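Q: Structure: my_file.pdb, PDB, C-alpha atoms, pLDDT in the B column.
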```pdb
MODEL        1
ATOM      1  CA  MET Z   1       0.000   0.000   0.000  1.00 67.00           C
ATOM      2  CA  LEU Z   2       2.791   2.400   0.888  1.00 68.00           C
ATOM      3  CA  ARG Z   3       4.573   1.602  -2.367  1.00 73.00           C
ATOM      4  CA  GLU Z   4       1.445   2.426  -4.369  1.00 78.00           C
ATOM      5  CA  LEU Z   5       1.052   5.705  -2.485  1.00 74.00           C
ATOM      6  CA  ILE Z   6       4.631   6.710  -3.223  1.00 74.00           C
ATOM      7  CA  LEU Z   7       4.347   5.743  -6.897  1.00 74.00           C
ATOM      8  CA  THR Z   8       1.071   7.639  -7.232  1.00 82.00           C
ATOM      9  CA  THR Z   9       2.618  10.727  -5.655  1.00 77.00           C
ATOM     10  CA  VAL Z  10       5.651  10.557  -7.946  1.00 74.00           C
ATOM     11  CA  GLY Z  11       3.429  10.067 -10.979  1.00 77.00           C
ATOM     12  CA  ALA Z  12       1.180  12.969 -10.046  1.00 80.00           C
ATOM     13  CA  GLY Z  13       4.187  15.222  -9.479  1.00 78.00           C
ATOM     14  CA  SER Z  14       5.641  14.290 -12.842  1.00 79.00           C
ATOM     15  CA  LEU Z  15       2.342  14.906 -14.623  1.00 81.00           C
ATOM     16  CA  LEU Z  16       1.917  18.255 -12.893  1.00 84.00           C
ATOM     17  CA  ARG Z  17       5.409  19.321 -13.911  1.00 81.00           C
ATOM     18  CA  GLU Z  18       4.733  18.432 -17.550  1.00 85.00           C
ATOM     19  CA  LYS Z  19       1.467  20.385 -17.540  1.00 87.00           C
ATOM     20  CA  ILE Z  20       3.124  23.455 -16.030  1.00 86.00           C
ATOM     21  CA  GLU Z  21       5.966  23.302 -18.560  1.00 85.00           C
ATOM     22  CA  ASP Z  22       3.426  23.018 -21.396  1.00 89.00           C
ATOM     23  CA  GLU Z  23       1.462  26.026 -20.126  1.00 87.00           C
ATOM     24  CA  VAL Z  24       4.623  28.102 -19.743  1.00 86.00           C
ATOM     25  CA  LYS Z  25       5.623  27.229 -23.331  1.00 86.00           C
ATOM     26  CA  ILE Z  26       2.191  28.310 -24.559  1.00 90.00           C
ATOM     27  CA  LEU Z  27       2.504  31.633 -22.713  1.00 87.00           C
ATOM     28  CA  GLU Z  28       5.981  32.063 -24.170  1.00 86.00           C
ATOM     29  CA  LYS Z  29       4.741  31.448 -27.731  1.00 88.00           C
ATOM     30  CA  LYS Z  30       1.890  33.928 -27.266  1.00 89.00           C
ATOM     31  CA  GLY Z  31       4.377  36.533 -26.094  1.00 88.00           C
ATOM     32  CA  LYS Z  32       2.808  36.757 -22.646  1.00 86.00           C
ATOM     33  CA  ILE Z  33       6.058  35.810 -20.955  1.00 84.00           C
ATOM     34  CA  LYS Z  34       9.706  36.239 -21.918  1.00 87.00           C
ATOM     35  CA  LYS Z  35      11.822  33.152 -22.523  1.00 82.00           C
ATOM     36  CA  SER Z  36      14.247  34.137 -19.760  1.00 87.00           C
ATOM     37  CA  ASP Z  37      11.357  34.644 -17.327  1.00 86.00           C
ATOM     38  CA  ALA Z  38       9.946  31.261 -18.280  1.00 83.00           C
ATOM     39  CA  LYS Z  39      13.298  29.573 -17.629  1.00 83.00           C
ATOM     40  CA  ASP Z  40      13.669  31.383 -14.295  1.00 88.00           C
ATOM     41  CA  PHE Z  41      10.162  30.346 -13.287  1.00 85.00           C
ATOM     42  CA  LEU Z  42      10.741  26.702 -14.195  1.00 84.00           C
ATOM     43  CA  ASN Z  43      14.120  26.667 -12.402  1.00 87.00           C
ATOM     44  CA  LYS Z  44      12.576  28.133  -9.247  1.00 89.00           C
ATOM     45  CA  LEU Z  45       9.724  25.663  -9.453  1.00 84.00           C
ATOM     46  CA  GLU Z  46      12.144  22.752  -9.822  1.00 83.00           C
ATOM     47  CA  LYS Z  47      14.257  23.949  -6.889  1.00 89.00           C
ATOM     48  CA  LYS Z  48      11.190  24.333  -4.690  1.00 88.00           C
ATOM     49  CA  GLY Z  49       9.987  20.880  -5.755  1.00 82.00           C
ATOM     50  CA  LYS Z  50      13.299  19.319  -4.746  1.00 85.00           C
ATOM     51  CA  LEU Z  51      13.151  21.015  -1.342  1.00 89.00           C
ATOM     52  CA  GLU Z  52       9.590  19.799  -0.817  1.00 85.00           C
ATOM     53  CA  ASP Z  53      10.627  16.295  -1.867  1.00 82.00           C
ATOM     54  CA  LYS Z  54      13.388  16.248   0.767  1.00 88.00           C
ATOM     55  CA  LYS Z  55      10.970  17.563   3.397  1.00 89.00           C
ATOM     56  CA  ILE Z  56       8.332  14.939   2.582  1.00 84.00           C
ATOM     57  CA  LYS Z  57      10.882  12.105   2.606  1.00 84.00           C
ATOM     58  CA  LYS Z  58      12.206  13.243   5.992  1.00 90.00           C
ATOM     59  CA  GLU Z  59       8.690  13.376   7.436  1.00 89.00           C
ATOM     60  CA  LEU Z  60       7.825   9.994   5.952  1.00 85.00           C
ATOM     61  CA  ARG Z  61      10.944   8.413   7.463  1.00 87.00           C
ATOM     62  CA  GLY Z  62       9.999   9.818  10.854  1.00 91.00           C
ATOM     63  CA  HIS Z  63       6.466   8.459  10.623  1.00 89.00           C
ATOM     64  CA  LEU Z  64       7.725   5.060   9.498  1.00 86.00           C
ATOM     65  CA  LYS Z  65      10.188   4.899  12.406  1.00 88.00           C
ATOM     66  CA  GLU Z  66       7.369   5.741  14.833  1.00 91.00           C
ATOM     67  CA  LEU Z  67       5.176   3.066  13.285  1.00 88.00           C
ATOM     68  CA  ILE Z  68       7.947   0.471  13.472  1.00 88.00           C
ATOM     69  CA  ASN Z  69       8.478   1.306  17.147  1.00 89.00           C
ATOM     70  CA  GLU Z  70       4.742   1.208  17.932  1.00 92.00           C
ATOM     71  CA  LEU Z  71       4.349  -2.177  16.248  1.00 91.00           C
ATOM     72  CA  GLY Z  72       7.482  -3.518  17.914  1.00 91.00           C
ATOM     73  CA  LEU Z  73       9.021  -4.593  14.620  1.00 91.00           C
ATOM     74  CA  VAL Z  74      12.641  -5.691  14.445  1.00 91.00           C
ATOM     75  CA  THR Z  75      14.984  -3.453  12.474  1.00 89.00           C
ATOM     76  CA  LYS Z  76      18.256  -4.280  10.717  1.00 90.00           C
ATOM     77  CA  LYS Z  77      20.035  -2.490  13.534  1.00 90.00           C
ATOM     78  CA  ASP Z  78      18.277  -4.705  16.101  1.00 91.00           C
ATOM     79  CA  LEU Z  79      19.214  -7.854  14.169  1.00 92.00           C
ATOM     80  CA  LYS Z  80      22.836  -6.773  13.871  1.00 94.00           C
ATOM     81  CA  LYS Z  81      23.021  -6.080  17.611  1.00 93.00           C
ATOM     82  CA  PHE Z  82      21.401  -9.441  18.399  1.00 92.00           C
ATOM     83  CA  LYS Z  83      23.821 -11.254  16.081  1.00 92.00           C
ATOM     84  CA  GLU Z  84      26.804  -9.550  17.719  1.00 93.00           C
ATOM     85  CA  GLU Z  85      25.531 -10.586  21.167  1.00 92.00           C
ATOM     86  CA  LEU Z  86      25.155 -14.192  20.017  1.00 92.00           C
ATOM     87  CA  GLU Z  87      28.721 -14.245  18.711  1.00 90.00           C
ATOM     88  CA  LYS Z  88      30.175 -13.229  22.087  1.00 80.00           C
TER      89      LYS Z  88
ENDMDL
END
```
Please lay out the structure from this file as structure tokens.

A:
Amino acid sequence: MLRELILTTVGAGSLLREKIEDEVKILEKKGKIKKSDAKDFLNKLEKKGKLEDKKIKKELRGHLKELINELGLVTKKDLKKFKEELEK
């Protein structure tokens, strides 16, 4: 379920980006926006998107860690520690 959510989010983001780029190109062709302004806008949009992506991933990791702790699931770190204790 989580995988589908992530893939859907990525797909929606990609589609949105394409639509925005298409609209900016249309405005550029109609002379409503300068080419340099269009490039600046798209660059700013891309930069903001990357920042949001990092923020969302960080929040998602935090929520997943909380969920793992609440469910009492074993992590790789736990298994490694257990293995090291067994080898002593």

Q: With region 3-7 of chain Z as the partner and 12 Å as the cut-off, tabulate the residues of region 21-80 of chain Z that qualify, each row holding the nearest pair of atoms and their distance in Å to one decimal, using all atoms listed in the file, sorted by chain and rising number, as JSON lines.

A:
```
{"residue": "Z:Asp53", "atom": "CA", "partner": "Z:Ile6", "partner_atom": "CA", "distance": 11.4}
{"residue": "Z:Ile56", "atom": "CA", "partner": "Z:Ile6", "partner_atom": "CA", "distance": 10.7}
{"residue": "Z:Lys57", "atom": "CA", "partner": "Z:Ile6", "partner_atom": "CA", "distance": 10.1}
{"residue": "Z:Leu60", "atom": "CA", "partner": "Z:Ile6", "partner_atom": "CA", "distance": 10.3}
```

Q: Save the residues we just selected, C-alpha atoms, as a compact mmCIF listing (two decimals), in the coordinates of the input?

A:
```txt
# COMPACT_ATOMS: atom_id res chain seq x y z
CA ASP Z 53 10.63 16.30 -1.87
CA ILE Z 56 8.33 14.94 2.58
CA LYS Z 57 10.88 12.10 2.61
CA LEU Z 60 7.82 9.99 5.95
```

Q: Running the PyMOL selection byres ((chain Z and resi 42) around 12) on this model by hand, what would come out? Give it as a PyMOL selection string.

A: chain Z and resi 17-25+35-41+43-49

Q: Any idea what the distance is between CA of Leu15 (chain Z) and CA of Lys32 (chain Z)?

A: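 Here the two named atoms are 23.3 Å from each other.
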
Q: Between CA of Lys65 (chain Z) and CA of Lys80 (chain Z), what is the spacing in Å?

A: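 Between CA of Lys80 (chain Z) and CA of Lys65 (chain Z) the gap is 17.3 Å.
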
Q: Could you tell me how far CA of Leu16 (chain Z) sits from CA of Glu52 (chain Z), in Å to one decimal place?

A: 14.4 Å

Q: Please write out, as AutoDock Vina command-line options, where the centre of an axis-aligned box around all listed atoms of region 44-50 of chain Z lies and how long its edges are, in Å to one decimal, after adding 5 Å on each side.

A:
```
--center_x 12.0 --center_y 23.7 --center_z -7.3 --size_x 14.5 --size_y 18.8 --size_z 15.1
```

Q: Mind rebuilding region 18-38 of chain Z with N, CA, C and O atoms and writing that out as a tab-separated table (two decimals), in the coordinates of the input?

A:
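Contents of the output file rebuild.tsv:
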```tsv
chain	number	residue	atom	x	y	z
Z	18	GLU	N	4.90	18.38	-16.09
Z	18	GLU	CA	4.73	18.43	-17.55
Z	18	GLU	C	3.66	19.44	-17.95
Z	18	GLU	O	3.85	20.21	-18.90
Z	19	LYS	N	2.56	19.45	-17.23
Z	19	LYS	CA	1.47	20.39	-17.54
Z	19	LYS	C	1.92	21.84	-17.36
Z	19	LYS	O	1.61	22.70	-18.17
Z	20	ILE	N	2.64	22.10	-16.28
Z	20	ILE	CA	3.12	23.46	-16.03
Z	20	ILE	C	4.10	23.88	-17.13
Z	20	ILE	O	4.00	25.00	-17.64
Z	21	GLU	N	5.01	22.99	-17.49
Z	21	GLU	CA	5.97	23.30	-18.56
Z	21	GLU	C	5.24	23.59	-19.87
Z	21	GLU	O	5.59	24.52	-20.59
Z	22	ASP	N	4.21	22.80	-20.17
Z	22	ASP	CA	3.43	23.02	-21.40
Z	22	ASP	C	2.74	24.38	-21.37
Z	22	ASP	O	2.76	25.12	-22.37
Z	23	GLU	N	2.16	24.73	-20.24
Z	23	GLU	CA	1.46	26.03	-20.13
Z	23	GLU	C	2.43	27.20	-20.24
Z	23	GLU	O	2.13	28.21	-20.88
Z	24	VAL	N	3.61	27.05	-19.65
Z	24	VAL	CA	4.62	28.10	-19.74
Z	24	VAL	C	5.07	28.27	-21.20
Z	24	VAL	O	5.24	29.39	-21.68
Z	25	LYS	N	5.24	27.16	-21.91
Z	25	LYS	CA	5.62	27.23	-23.33
Z	25	LYS	C	4.55	27.92	-24.16
Z	25	LYS	O	4.85	28.71	-25.06
Z	26	ILE	N	3.30	27.65	-23.85
Z	26	ILE	CA	2.19	28.31	-24.56
Z	26	ILE	C	2.22	29.81	-24.30
Z	26	ILE	O	2.09	30.62	-25.23
Z	27	LEU	N	2.42	30.21	-23.05
Z	27	LEU	CA	2.50	31.63	-22.71
Z	27	LEU	C	3.69	32.29	-23.42
Z	27	LEU	O	3.60	33.42	-23.88
Z	28	GLU	N	4.78	31.55	-23.50
Z	28	GLU	CA	5.98	32.06	-24.17
Z	28	GLU	C	5.70	32.29	-25.66
Z	28	GLU	O	6.06	33.33	-26.23
Z	29	LYS	N	5.05	31.33	-26.30
Z	29	LYS	CA	4.74	31.45	-27.73
Z	29	LYS	C	3.78	32.60	-28.01
Z	29	LYS	O	3.88	33.26	-29.04
Z	30	LYS	N	2.86	32.84	-27.10
Z	30	LYS	CA	1.89	33.93	-27.27
Z	30	LYS	C	2.50	35.28	-26.94
Z	30	LYS	O	1.86	36.31	-27.14
Z	31	GLY	N	3.72	35.28	-26.44
Z	31	GLY	CA	4.38	36.53	-26.09
Z	31	GLY	C	3.94	37.10	-24.76
Z	31	GLY	O	4.20	38.26	-24.45
Z	32	LYS	N	3.30	36.30	-23.96
Z	32	LYS	CA	2.81	36.76	-22.65
Z	32	LYS	C	3.90	36.70	-21.59
Z	32	LYS	O	3.79	37.31	-20.54
Z	33	ILE	N	4.96	35.95	-21.90
Z	33	ILE	CA	6.06	35.81	-20.96
Z	33	ILE	C	7.36	35.70	-21.76
Z	33	ILE	O	7.38	35.09	-22.83
Z	34	LYS	N	8.41	36.31	-21.24
Z	34	LYS	CA	9.71	36.24	-21.92
Z	34	LYS	C	10.34	34.87	-21.69
Z	34	LYS	O	10.10	34.22	-20.68
Z	35	LYS	N	11.16	34.45	-22.63
Z	35	LYS	CA	11.82	33.15	-22.52
Z	35	LYS	C	12.67	33.07	-21.26
Z	35	LYS	O	12.67	32.06	-20.56
Z	36	SER	N	13.40	34.14	-20.96
Z	36	SER	CA	14.25	34.14	-19.76
Z	36	SER	C	13.40	34.04	-18.49
Z	36	SER	O	13.77	33.35	-17.53
Z	37	ASP	N	12.25	34.72	-18.48
Z	37	ASP	CA	11.36	34.64	-17.33
Z	37	ASP	C	10.78	33.24	-17.17
Z	37	ASP	O	10.63	32.73	-16.06
Z	38	ALA	N	10.48	32.62	-18.31
Z	38	ALA	CA	9.95	31.26	-18.28
Z	38	ALA	C	10.98	30.30	-17.70
Z	38	ALA	O	10.66	29.45	-16.86
```
